[in-house]
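Colleague: Have a look at the structure that comes next, please.
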Amino acid sequence: MNTFNAHLGIRKEIRELTFSPIREIVRFAENQDEVVPFWFGEPDVSTPDFISRAGKEALDNGDTFYAPNAGIPKLRKAIADYMNDLYQTEITFEQITVSVSAMNAIMIAAQALVQQDSKIVVLLPSWPNIPAVQKIMGARVEGVPIQMKDGKWKLDLDQLFDACGSDTSVIVINSPNNPSGWTMSTEEQREVLDFARKKGVWIVSDEVYARLSFKHNHAPSFCEIIDSDDRVVVVNSFSKSWAMTGWRLGWLTAPVEVSKEFEKLTEYNVAGPPPFIQQAGVVALRDGEAFIQESNERYLKALSVFSDWASSEDRIEFDRPEATFYAFFSVNDGTDSMSMAKDLLIKHNVGLAPGCAFGQQYDSYLRLCFAASLPKLERGLEGISSWLQGPIGKK
Ligand SMILES: Cc1ncc(COP(=O)(O)O)c(C=O)c1O
């Protein structure tokens, strides 16, 4: 059998893709009753009524036809206004491309910017889909780990710059970071921007957790420091802060010239999100601030419960995040995060995401999404405490 037939002609990059370890642990739990799950990164409540109603009304009004590739003008303008209010910027609606989620936005950015065989530098730990997309596009991915030093996550900028050789075309940064909650400061963003300007490297900044900040109204954004023609693409999503994960709605902010290229790419991907979903997005931006504040207050309470619990547990190490709804903690003597996650599930019915999903070196880590009611969180933490007293799953 020749190689073509052996692989059905499937590209090597696709054959080498793996399923997410988070999906693996969820599948493992399929036949187990009464699991308390904290594995997915999403709010614990469904989309607020005022947003759902806007979507339903648009549907009832017959807003069911093909939409413009870059998004309906009303939403592009609403997004530009929202960002300008938030960041005190002068982003124009021509810089905005509406996408079917941040996932789709990351893919569109990669389709436009990733050169075959070039190197893409990604900060670790990382949401697994970010490196996967670069690999699908035929790039080599180099991970630069932010380091845990004295109990705090810290980025070594020199290490990042050293990793960017002449063959690097894009640096992908996700701040606030899934899973660690690490948040890049404005000063660090300035240094990375200076470096990227000098080298002609693109920055793709995934800012889907921008509004999930516990200290400020928003986390620092590249939008606040760039010129309109800088080689920077910012990715955003309605999923997290507006509780719209299932709607699949996001956007890209980029220089106008690049947005024109993105507009072409949306056509050849999925030709943009359904128009009635985009109408709901307009209302989410217009009326969603109170919901964002209330949700963040709830998450902050949950984080305090988690932090108090964590400081009473000697076997775990944890840096309290400034943003996101994730607690990413390492377990002393833990060496195999998938075995740990399975063991915890079998023995105590608690579902966490294994650290290996976010980079091989995080195999002593587990991630818990604390977007959960306090009783549920307390139940889960009780289970983890009992588990930590026993022999944890090891390699
Ligand atoms: C860092 C990061 N980027 C993007 C996404 C995807 O967002 P969306 O639901 O808009 O595809 C996620 C979801 O977990 C994420 O953690």
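Labeling convention for the structure tokens: chains A, B, ... as they appear, residues from 1 per chain, ligands from 1 in order of appearance.
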If we count only C-alpha atoms, what is near Phe325 (chain A) at a cut-off of 8 Å, once residues fewer than 2 positions away on the same chain are taken out, given as a PyMOL selection string?

Modeller: chain A and resi 41+181+212+299+303+323+327+369-371

Colleague: Please identify all polymer residues within 7 Å of region 138-145 of chain A, counting only C-alpha atoms, omitting same-chain residues fewer than 6 positions from it, and present them as a ChimeraX atom specification.

Modeller: /A:13,114-125,131,160

Colleague: Can you work out which residues are within 7 Å of ligand 1, considering only C-alpha atoms and all ligand atoms, and then hand them over as a ChimeraX atom specification?

Modeller: /A:41,101-104,127,174,177-178,206,208,237-239,245,248-250

Colleague: What does the distance from CA of Val256 (chain A) to CA of Glu94 (chain A) come to in Å, to one decimal?

Modeller: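 Interatomic distance here is 5.8 Å.
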
Colleague: Mind dumping a table of every region 38-139 of chain A residue within 12 Å of region 335-352 of chain A, with the nearest atom pair and its distance in Å to one decimal, using only C-alpha atoms, sorted by chain and rising number, as CSV?

Modeller:
```
residue,atom,partner,partner_atom,distance
A:Phe38,CA,A:Leu352,CA,5.3
A:Trp39,CA,A:Leu352,CA,4.5
A:Phe40,CA,A:Leu352,CA,8.3
A:Gly41,CA,A:Leu352,CA,10.6
```

Colleague: Just checking: using only C-alpha atoms, which residue out of A:Leu193, A:Ala6, A:Ala290, A:Val98 ends up closest to Asn69 (chain A)?

Modeller: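 With only C-alpha atoms as the atom set, the closest residue is A:Val98.
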
Colleague: If we count only C-alpha atoms and set the cut-off at 10 Å, which residues sit around Lys74 (chain A), ignoring sequence neighbours fewer than 5 positions away in its own chain? Please answer as a ChimeraX atom specification.

Modeller: /A:79,93,278-279,281-282

Colleague: Could you give me, as a PyMOL selection string, each residue of region 11-258 of chain A that DSSP assigns to alpha helix (DSSP H) when run on this structure's backbone?

Modeller: chain A and resi 12-15+21-28+49-60+73-87+101-113+129-136+157-163+186-199+256-258

Colleague: Please provide as a PyMOL selection string all residues within 10 Å of Asn129 (chain A), with the sequence filter that same-chain residues fewer than 2 positions apart are discarded (counting only C-alpha atoms).

Modeller: chain A and resi 20+103+106-107+126-127+131-135+357-358

Colleague: With C-alpha atoms kept, could you save the residues just selected as a PDB file, in the first residue's frame?

Modeller:
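Result file follows (selection_2.pdb):
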```
ATOM      1  CA  SER A  20      -8.152  17.654  23.691  1.00  0.00           C
ATOM      2  CA  MET A 103     -11.990  30.022  17.814  1.00  0.00           C
ATOM      3  CA  ILE A 106      -7.905  32.615  15.705  1.00  0.00           C
ATOM      4  CA  MET A 107      -8.205  30.367  12.645  1.00  0.00           C
ATOM      5  CA  SER A 126      -1.919  27.719  26.613  1.00  0.00           C
ATOM      6  CA  TRP A 127      -5.482  26.863  25.708  1.00  0.00           C
ATOM      7  CA  PRO A 131      -1.071  25.919  19.092  1.00  0.00           C
ATOM      8  CA  ALA A 132      -3.294  23.398  17.267  1.00  0.00           C
ATOM      9  CA  VAL A 133      -4.489  26.054  14.802  1.00  0.00           C
ATOM     10  CA  GLN A 134      -0.911  27.129  13.980  1.00  0.00           C
ATOM     11  CA  LYS A 135       0.022  23.490  13.343  1.00  0.00           C
ATOM     12  CA  ALA A 357      -3.991  19.892  28.147  1.00  0.00           C
ATOM     13  CA  PHE A 358      -2.146  23.205  28.467  1.00  0.00           C
TER      14      PHE A 358
END
```

Colleague: If DSSP is run on the backbone, what residues of region 93-158 of chain A are strand (DSSP E)? A reply as a list in words would be ideal.

Modeller: Ile96, Thr97, Val98, Ser99, Lys119, Ile120, Val121, Val122, Leu123, Leu124, Arg140, Val141, Glu142, Gly143, Val144, Pro145, Gln147, Met148, Lys149, Lys152, Trp153 and Lys154 of chain A

Colleague: Compare A:Arg197, A:Val232, A:Ser99, A:Gln147 by their minimum atom-to-atom distance to Val172 (chain A), counting only C-alpha atoms, and give me the closest one.

Modeller: A:Val232

Colleague: Quick one: everything within 10 Å of Leu285 (chain A), counting only C-alpha atoms, minus sequence neighbours fewer than 4 positions away in the same chain. Send it as a list in words.

Modeller: Ile51, Leu75, Ala78, Ile79, Asp81, Tyr82, Met83, Phe238, Trp242, Ala280, Gly281 and Glu289 of chain A
